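So this block is model.cif, mmCIF, C-alpha atoms:
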```cif
data_structure
#
loop_
_atom_site.group_PDB
_atom_site.id
_atom_site.type_symbol
_atom_site.label_atom_id
_atom_site.label_comp_id
_atom_site.auth_asym_id
_atom_site.auth_seq_id
_atom_site.Cartn_x
_atom_site.Cartn_y
_atom_site.Cartn_z
ATOM 1 C CA MET A 1 56.261 -79.245 28.232
ATOM 2 C CA LYS A 2 56.601 -82.757 29.665
ATOM 3 C CA VAL A 3 53.478 -84.878 29.383
ATOM 4 C CA SER A 4 52.924 -87.938 31.564
ATOM 5 C CA GLY A 5 51.617 -91.120 29.982
ATOM 6 C CA SER A 6 52.108 -92.442 26.482
ATOM 7 C CA ARG A 7 50.987 -90.670 23.337
ATOM 8 C CA LEU A 8 49.754 -93.512 21.171
ATOM 9 C CA VAL A 9 46.951 -93.605 18.636
ATOM 10 C CA ARG A 10 44.629 -96.374 19.798
ATOM 11 C CA ALA A 11 41.886 -97.205 17.349
ATOM 12 C CA LYS A 12 39.709 -99.776 15.675
ATOM 13 C CA TYR A 13 41.263 -100.255 12.242
ATOM 14 C CA THR A 14 41.733 -102.603 9.306
ATOM 15 C CA ALA A 15 44.409 -102.839 6.616
ATOM 16 C CA GLU A 16 42.688 -100.025 4.719
ATOM 17 C CA THR A 17 40.561 -98.022 7.168
ATOM 18 C CA ILE A 18 40.488 -96.516 10.645
ATOM 19 C CA THR A 19 37.323 -95.736 12.634
ATOM 20 C CA VAL A 20 36.871 -92.268 14.089
ATOM 21 C CA TYR A 21 33.967 -90.790 16.023
ATOM 22 C CA GLN A 22 32.000 -87.562 15.937
ATOM 23 C CA ALA A 23 28.839 -86.396 17.685
ATOM 24 C CA TYR A 24 26.266 -84.066 16.152
ATOM 25 C CA PRO A 25 22.648 -82.976 16.531
ATOM 26 C CA PRO A 26 20.110 -85.031 14.549
ATOM 27 C CA GLN A 27 19.737 -82.366 11.866
ATOM 28 C CA ILE A 28 23.379 -82.924 10.835
ATOM 29 C CA ALA A 29 23.796 -86.606 11.722
ATOM 30 C CA LEU A 30 20.707 -88.034 10.031
ATOM 31 C CA PRO A 31 21.306 -86.493 6.567
ATOM 32 C CA ALA A 32 24.943 -87.592 6.811
ATOM 33 C CA VAL A 33 23.928 -91.193 7.498
ATOM 34 C CA ALA A 34 21.473 -91.116 4.573
ATOM 35 C CA ALA A 35 24.096 -89.677 2.201
ATOM 36 C CA GLY A 36 27.057 -91.706 3.452
ATOM 37 C CA THR A 37 29.021 -88.507 4.027
ATOM 38 C CA PHE A 38 28.466 -85.036 5.432
ATOM 39 C CA VAL A 39 26.002 -82.793 3.608
ATOM 40 C CA ALA A 40 24.189 -79.558 4.483
ATOM 41 C CA PRO A 41 23.578 -78.293 7.114
ATOM 42 C CA PHE A 42 27.108 -79.544 7.940
ATOM 43 C CA LYS A 43 29.425 -76.562 7.431
ATOM 44 C CA ARG A 44 32.749 -77.129 5.703
ATOM 45 C CA ASP A 45 34.088 -73.732 6.739
ATOM 46 C CA ARG A 46 34.277 -74.768 10.404
ATOM 47 C CA MET A 47 36.931 -76.964 12.002
ATOM 48 C CA THR A 48 35.616 -80.482 12.571
ATOM 49 C CA TRP A 49 37.237 -82.771 15.150
ATOM 50 C CA ILE A 50 37.596 -86.518 14.630
ATOM 51 C CA LYS A 51 38.446 -88.848 17.507
ATOM 52 C CA PRO A 52 39.682 -92.459 17.228
ATOM 53 C CA SER A 53 38.977 -93.043 20.944
ATOM 54 C CA PHE A 54 35.421 -94.242 21.591
ATOM 55 C CA ARG A 55 35.669 -93.524 25.319
ATOM 56 C CA TRP A 56 36.967 -90.007 24.723
ATOM 57 C CA MET A 57 33.987 -89.399 22.439
ATOM 58 C CA MET A 58 31.719 -90.614 25.235
ATOM 59 C CA TYR A 59 33.400 -88.175 27.605
ATOM 60 C CA ARG A 60 32.999 -85.313 25.140
ATOM 61 C CA SER A 61 29.355 -86.056 24.334
ATOM 62 C CA GLY A 62 28.269 -87.253 27.781
ATOM 63 C CA TRP A 63 27.150 -90.568 26.274
ATOM 64 C CA ALA A 64 25.219 -88.675 23.577
ATOM 65 C CA THR A 65 23.301 -86.547 26.091
ATOM 66 C CA LYS A 66 24.877 -83.104 25.661
ATOM 67 C CA PRO A 67 22.973 -80.545 23.570
ATOM 68 C CA GLY A 68 24.122 -80.653 19.963
ATOM 69 C CA GLN A 69 25.789 -84.061 20.448
ATOM 70 C CA GLU A 70 22.767 -86.334 20.661
ATOM 71 C CA ARG A 71 23.844 -88.639 17.806
ATOM 72 C CA VAL A 72 27.204 -90.407 17.776
ATOM 73 C CA LEU A 73 28.612 -91.413 14.397
ATOM 74 C CA ALA A 74 31.239 -94.087 13.747
ATOM 75 C CA ILE A 75 33.051 -93.116 10.568
ATOM 76 C CA GLN A 76 35.414 -95.393 8.699
ATOM 77 C CA ILE A 77 37.968 -93.341 6.787
ATOM 78 C CA SER A 78 40.927 -94.421 4.711
ATOM 79 C CA ARG A 79 44.181 -94.877 6.558
ATOM 80 C CA ALA A 80 45.848 -92.947 3.745
ATOM 81 C CA GLY A 81 43.555 -90.007 4.477
ATOM 82 C CA PHE A 82 44.114 -90.212 8.227
ATOM 83 C CA GLU A 83 47.880 -90.227 7.779
ATOM 84 C CA TRP A 84 47.673 -87.354 5.262
ATOM 85 C CA ALA A 85 45.907 -85.356 7.975
ATOM 86 C CA LEU A 86 48.612 -86.119 10.536
ATOM 87 C CA ARG A 87 51.388 -85.262 8.082
ATOM 88 C CA HIS A 88 49.768 -81.853 7.553
ATOM 89 C CA ALA A 89 49.024 -81.255 11.233
ATOM 90 C CA CYS A 90 50.377 -78.877 13.824
ATOM 91 C CA LEU A 91 50.012 -79.354 17.568
ATOM 92 C CA SER A 92 47.529 -76.917 19.059
ATOM 93 C CA HIS A 93 50.139 -75.672 21.530
ATOM 94 C CA PHE A 94 53.866 -74.945 21.508
ATOM 95 C CA GLU A 95 56.156 -77.619 22.947
ATOM 96 C CA PRO A 96 59.822 -76.879 23.626
ATOM 97 C CA GLY A 97 61.969 -79.690 22.319
ATOM 98 C CA LEU A 98 59.451 -80.571 19.624
ATOM 99 C CA HIS A 99 59.347 -77.159 17.935
ATOM 100 C CA ASP A 100 62.521 -75.174 17.299
ATOM 101 C CA SER A 101 60.955 -72.018 18.686
ATOM 102 C CA GLU A 102 57.583 -70.544 19.494
ATOM 103 C CA SER A 103 57.736 -68.456 16.335
ATOM 104 C CA ALA A 104 58.436 -71.587 14.278
ATOM 105 C CA TRP A 105 55.407 -73.249 15.854
ATOM 106 C CA ARG A 106 53.234 -70.202 15.108
ATOM 107 C CA SER A 107 54.371 -70.242 11.488
ATOM 108 C CA LEU A 108 53.586 -73.946 11.162
ATOM 109 C CA LYS A 109 50.206 -73.471 12.805
ATOM 110 C CA ALA A 110 49.325 -70.659 10.406
ATOM 111 C CA THR A 111 49.937 -72.856 7.369
ATOM 112 C CA SER A 112 48.600 -76.203 8.623
ATOM 113 C CA PRO A 113 44.987 -77.236 7.820
ATOM 114 C CA VAL A 114 44.979 -79.747 10.692
ATOM 115 C CA ARG A 115 45.316 -79.388 14.480
ATOM 116 C CA VAL A 116 46.259 -82.172 16.868
ATOM 117 C CA GLN A 117 45.677 -82.334 20.619
ATOM 118 C CA TRP A 118 46.781 -85.077 22.996
ATOM 119 C CA ASP A 119 44.154 -85.159 25.744
ATOM 120 C CA PRO A 120 43.856 -87.553 28.710
ATOM 121 C CA GLU A 121 42.394 -90.887 27.642
ATOM 122 C CA ARG A 122 39.285 -91.919 29.542
ATOM 123 C CA ALA A 123 38.242 -95.022 31.447
ATOM 124 C CA THR A 124 34.776 -96.502 30.939
ATOM 125 C CA ASP A 125 33.525 -94.388 33.854
ATOM 126 C CA LEU A 126 35.036 -91.400 31.966
ATOM 127 C CA SER A 127 37.640 -90.682 34.631
ATOM 128 C CA PRO A 128 40.952 -89.428 33.155
ATOM 129 C CA LEU A 129 43.847 -91.811 32.567
ATOM 130 C CA ALA A 130 47.564 -91.030 32.376
ATOM 131 C CA ASP A 131 47.829 -92.035 28.718
ATOM 132 C CA ARG A 132 46.875 -89.586 26.020
ATOM 133 C CA ALA A 133 44.293 -89.882 23.243
ATOM 134 C CA ILE A 134 44.622 -88.023 19.966
ATOM 135 C CA GLN A 135 42.046 -85.520 18.724
ATOM 136 C CA VAL A 136 42.398 -84.353 15.120
ATOM 137 C CA GLY A 137 40.875 -81.060 13.977
ATOM 138 C CA LEU A 138 40.291 -80.665 10.239
ATOM 139 C CA SER A 139 39.878 -77.335 8.474
ATOM 140 C CA GLY A 140 40.070 -75.950 4.945
ATOM 141 C CA GLU A 141 41.516 -78.443 2.461
ATOM 142 C CA ALA A 142 41.458 -81.219 5.051
ATOM 143 C CA VAL A 143 37.682 -80.920 5.583
ATOM 144 C CA ASN A 144 37.039 -81.144 1.845
ATOM 145 C CA LEU A 145 39.246 -84.216 1.518
ATOM 146 C CA TYR A 146 37.553 -85.809 4.530
ATOM 147 C CA VAL A 147 34.030 -85.279 3.226
ATOM 148 C CA ASP A 148 34.701 -85.965 -0.463
ATOM 149 C CA GLN A 149 37.402 -88.646 -0.448
ATOM 150 C CA TRP A 150 38.312 -90.218 2.878
ATOM 151 C CA ILE A 151 34.954 -91.441 4.221
ATOM 152 C CA VAL A 152 34.321 -95.093 3.411
ATOM 153 C CA GLU A 153 31.359 -95.744 5.709
ATOM 154 C CA LEU A 154 29.349 -93.657 8.151
ATOM 155 C CA ARG A 155 27.079 -95.253 10.786
ATOM 156 C CA ASP A 156 24.874 -93.944 13.580
ATOM 157 C CA ILE A 157 25.846 -95.910 16.710
ATOM 158 C CA THR A 158 23.726 -93.932 19.174
ATOM 159 C CA PRO A 159 21.661 -97.008 20.206
ATOM 160 C CA LEU A 160 24.899 -98.797 21.149
ATOM 161 C CA VAL A 161 26.066 -95.742 23.100
ATOM 162 C CA HIS A 162 22.800 -95.601 25.052
ATOM 163 C CA ALA A 163 22.893 -99.351 25.763
ATOM 164 C CA ILE A 164 26.448 -99.179 27.135
ATOM 165 C CA HIS A 165 25.582 -96.143 29.232
ATOM 166 C CA GLU A 166 22.552 -97.937 30.664
ATOM 167 C CA ASP A 167 24.708 -100.945 31.578
ATOM 168 C CA ILE A 168 27.152 -98.666 33.393
ATOM 169 C CA ARG A 169 24.363 -96.942 35.284
ATOM 170 C CA ALA A 170 22.919 -100.330 36.254
ATOM 171 C CA GLY A 171 26.275 -101.578 37.538
ATOM 172 C CA ARG A 172 26.818 -104.064 34.699
ATOM 173 C CA GLN A 173 30.429 -103.001 34.207
ATOM 174 C CA ASP A 174 31.680 -106.219 32.605
ATOM 175 C CA ARG A 175 28.904 -106.102 30.030
ATOM 176 C CA ALA A 176 29.620 -102.438 29.306
ATOM 177 C CA ASP A 177 33.342 -103.071 28.889
ATOM 178 C CA ALA A 178 32.674 -105.976 26.515
ATOM 179 C CA ALA A 179 30.469 -103.807 24.289
ATOM 180 C CA ILE A 180 32.959 -100.965 23.873
ATOM 181 C CA PRO A 181 34.708 -101.186 20.471
ATOM 182 C CA ALA A 182 38.132 -102.793 20.833
ATOM 183 C CA GLU A 183 40.951 -100.329 20.163
ATOM 184 C CA VAL A 184 44.587 -101.284 19.712
ATOM 185 C CA HIS A 185 47.793 -99.411 19.026
ATOM 186 C CA TYR A 186 47.842 -97.876 15.548
ATOM 187 C CA PRO A 187 51.541 -97.662 14.591
ATOM 188 C CA LEU A 188 52.451 -94.311 13.088
ATOM 189 C CA PRO A 189 55.197 -93.795 10.503
ATOM 190 C CA ALA A 190 58.373 -92.247 11.927
ATOM 191 C CA ASP A 191 57.873 -88.867 10.231
ATOM 192 C CA ILE A 192 54.432 -88.462 11.813
ATOM 193 C CA ARG A 193 55.669 -89.525 15.237
ATOM 194 C CA SER A 194 58.380 -86.881 15.207
ATOM 195 C CA ARG A 195 56.007 -84.214 13.928
ATOM 196 C CA LEU A 196 53.413 -84.804 16.656
ATOM 197 C CA GLY A 197 55.505 -86.006 19.567
ATOM 198 C CA SER A 198 53.917 -89.446 19.496
ATOM 199 C CA SER A 199 55.268 -92.337 21.557
ATOM 200 C CA GLY A 200 54.925 -94.802 18.690
#
```
So, in terms of structure tokens, how does the structure I just supplied come out?
Amino acid sequence: MKVSGSRLVRAKYTAETITVYQAYPPQIALPAVAAGTFVAPFKRDRMTWIKPSFRWMMYRSGWATKPGQERVLAIQISRAGFEWALRHACLSHFEPGLHDSESAWRSLKATSPVRVQWDPERATDLSPLADRAIQVGLSGEAVNLYVDQWIVELRDITPLVHAIHEDIRAGRQDRADAAIPAEVHYPLPADIRSRLGSSG
């Protein structure tokens, strides 16, 4: 399947960490913030999706207005952990040219604890762009590593989300754009690029 637009991981990152986003109801988000990682009632037996794209998280959560997504968390995780996840990932759909066969893809999917989707990146007004943003779904071993080892810092940024949304609604586009976390190309190692069909 040919996909228009580039497939690049764009993120806020440092030499050691990368920031990803998740949205949850208060009963999950607030205990997580207090503990510095996810605790009950967060469920480890469910797939949990992390998103390096702030704007895609805003699209998914409706600027923290959708039921069950009222609190947006910015989570710094280790780059080593993030790249472990991608090295153990399988695309959520079969792609000729990337997978040898559909059966080979199904076999890989059955044994991979991580799913990857490349979805349309979003503009500040949440309209779709040609470029793709990565979404990373963690299950099984990957969830345990995420919760127990990869998380360096976990912050509730819902007030920032609401402030940016209010600026957009009031027509203060320049102010909204300036407040959105800056994301730049996160270069992936060659083995991960070939595994996930990334552009770079």
Residues matched by the PyMOL selection byres ((chain A and resi 69) around 9) as number ranges by chain: A: 22-26, 60-68, 70-72
Nearest-residue call for Ala176 in chain A, choices A:Val39, A:Arg7, A:Leu154, A:Val161, using only C-alpha atoms: A:Val161
For CA of Asp125 in chain A and CA of Phe82 in chain A, the interatomic separation in Å (one decimal):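 Interatomic distance, CA of Asp125 in chain A to CA of Phe82 in chain A: 28.0 Å.
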Cut-off 9 Å around (23.1, -79.1, 7.3) with all atoms listed in the file: residues as a CSV table (one decimal) with C-alpha atoms, in the coordinates of the input:
```
chain,number,residue,atom,x,y,z
A,27,GLN,CA,19.7,-82.4,11.9
A,28,ILE,CA,23.4,-82.9,10.8
A,29,ALA,CA,23.8,-86.6,11.7
A,31,PRO,CA,21.3,-86.5,6.6
A,32,ALA,CA,24.9,-87.6,6.8
A,38,PHE,CA,28.5,-85.0,5.4
A,39,VAL,CA,26.0,-82.8,3.6
A,40,ALA,CA,24.2,-79.6,4.5
A,41,PRO,CA,23.6,-78.3,7.1
A,42,PHE,CA,27.1,-79.5,7.9
A,43,LYS,CA,29.4,-76.6,7.4
```
Straight-line distance linking CA of His93 in chain A with CA of Leu108 in chain A, stated in Å to one decimal: 11.1 Å
Residue among A:Ile180, A:Asp131, A:Gly5, A:Ser194 lying closest to His162 in chain A, counting all atoms listed in the file: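 Selected residue with least distance to His162 in chain A: A:Ile180.
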Target residues per the PyMOL selection byres ((chain A and resi 49) around 10), formatted as JSON, numbers by chain: {"A": [20, 21, 22, 23, 46, 47, 48, 50, 51, 114, 115, 116, 135, 136, 137, 138, 139, 143]}
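For the set A:Ala85, A:Leu98, A:Ile134, A:Ala182, the residue with the smallest atom-to-atom gap to Asp119 in chain A is A:Ile134, counting all atoms listed in the file.
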Nearest residue to Gly97 in chain A from the set A:Leu196, A:Leu126, A:Ala179, A:Ala15 (distances using only C-alpha atoms):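 Counting only C-alpha atoms, the residue closest to Gly97 in chain A is A:Leu196.
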Test item: residues at most 10 Å from Thr124 in chain A, all atoms listed in the file, excluding those fewer than 2 positions along its chain, as an MDAnalysis selection string: chainID A and resid 54:56 58:59 122 126:128 164:165 168 173 176:177 180
Store the residues of this selection in a file with C-alpha atoms, as a short mmCIF file (atom, residue, chain, number, x, y, z; two decimals), in the coordinates of the input.
```
data_model
loop_
_atom_site.label_atom_id
_atom_site.label_comp_id
_atom_site.auth_asym_id
_atom_site.auth_seq_id
_atom_site.Cartn_x
_atom_site.Cartn_y
_atom_site.Cartn_z
CA PHE A 54 35.42 -94.24 21.59
CA ARG A 55 35.67 -93.52 25.32
CA TRP A 56 36.97 -90.01 24.72
CA MET A 58 31.72 -90.61 25.24
CA TYR A 59 33.40 -88.18 27.60
CA ARG A 122 39.28 -91.92 29.54
CA LEU A 126 35.04 -91.40 31.97
CA SER A 127 37.64 -90.68 34.63
CA PRO A 128 40.95 -89.43 33.16
CA ILE A 164 26.45 -99.18 27.14
CA HIS A 165 25.58 -96.14 29.23
CA ILE A 168 27.15 -98.67 33.39
CA GLN A 173 30.43 -103.00 34.21
CA ALA A 176 29.62 -102.44 29.31
CA ASP A 177 33.34 -103.07 28.89
CA ILE A 180 32.96 -100.96 23.87
#
```
Two-atom distance - CA of Ala142 in chain A, CA of Arg10 in chain A (Å):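 It comes out at 21.4 Å.
Using all atoms listed in the file, the smallest distance between any of A:Ala35, A:Leu8, A:Ala74, A:Leu30 and Arg155 in chain A comes from A:Ala74.
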If the PyMOL selection byres ((chain A and resi 199) around 7) is run on the structure shown, which residues does it catch, given as a CSV table (one decimal) with C-alpha atoms, in the frame of the given file?
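Everything below was put into expr19.csv:
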```csv
chain,number,residue,atom,x,y,z
A,6,SER,CA,52.1,-92.4,26.5
A,7,ARG,CA,51.0,-90.7,23.3
A,8,LEU,CA,49.8,-93.5,21.2
A,193,ARG,CA,55.7,-89.5,15.2
A,197,GLY,CA,55.5,-86.0,19.6
A,198,SER,CA,53.9,-89.4,19.5
A,200,GLY,CA,54.9,-94.8,18.7
```
All residues 7 Å or closer to Val9 in chain A, all atoms listed in the file, same chain fewer than 4 positions away omitted, as a PyMOL selection string: chain A and resi 133-134+185-186
Nearest to Glu153 in chain A, chosen from A:Ser103, A:Thr14, A:Thr19, A:Gln76, with only C-alpha atoms counted in the distances: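 Checking each candidate against Glu153 in chain A, we get A:Gln76 as the closest.
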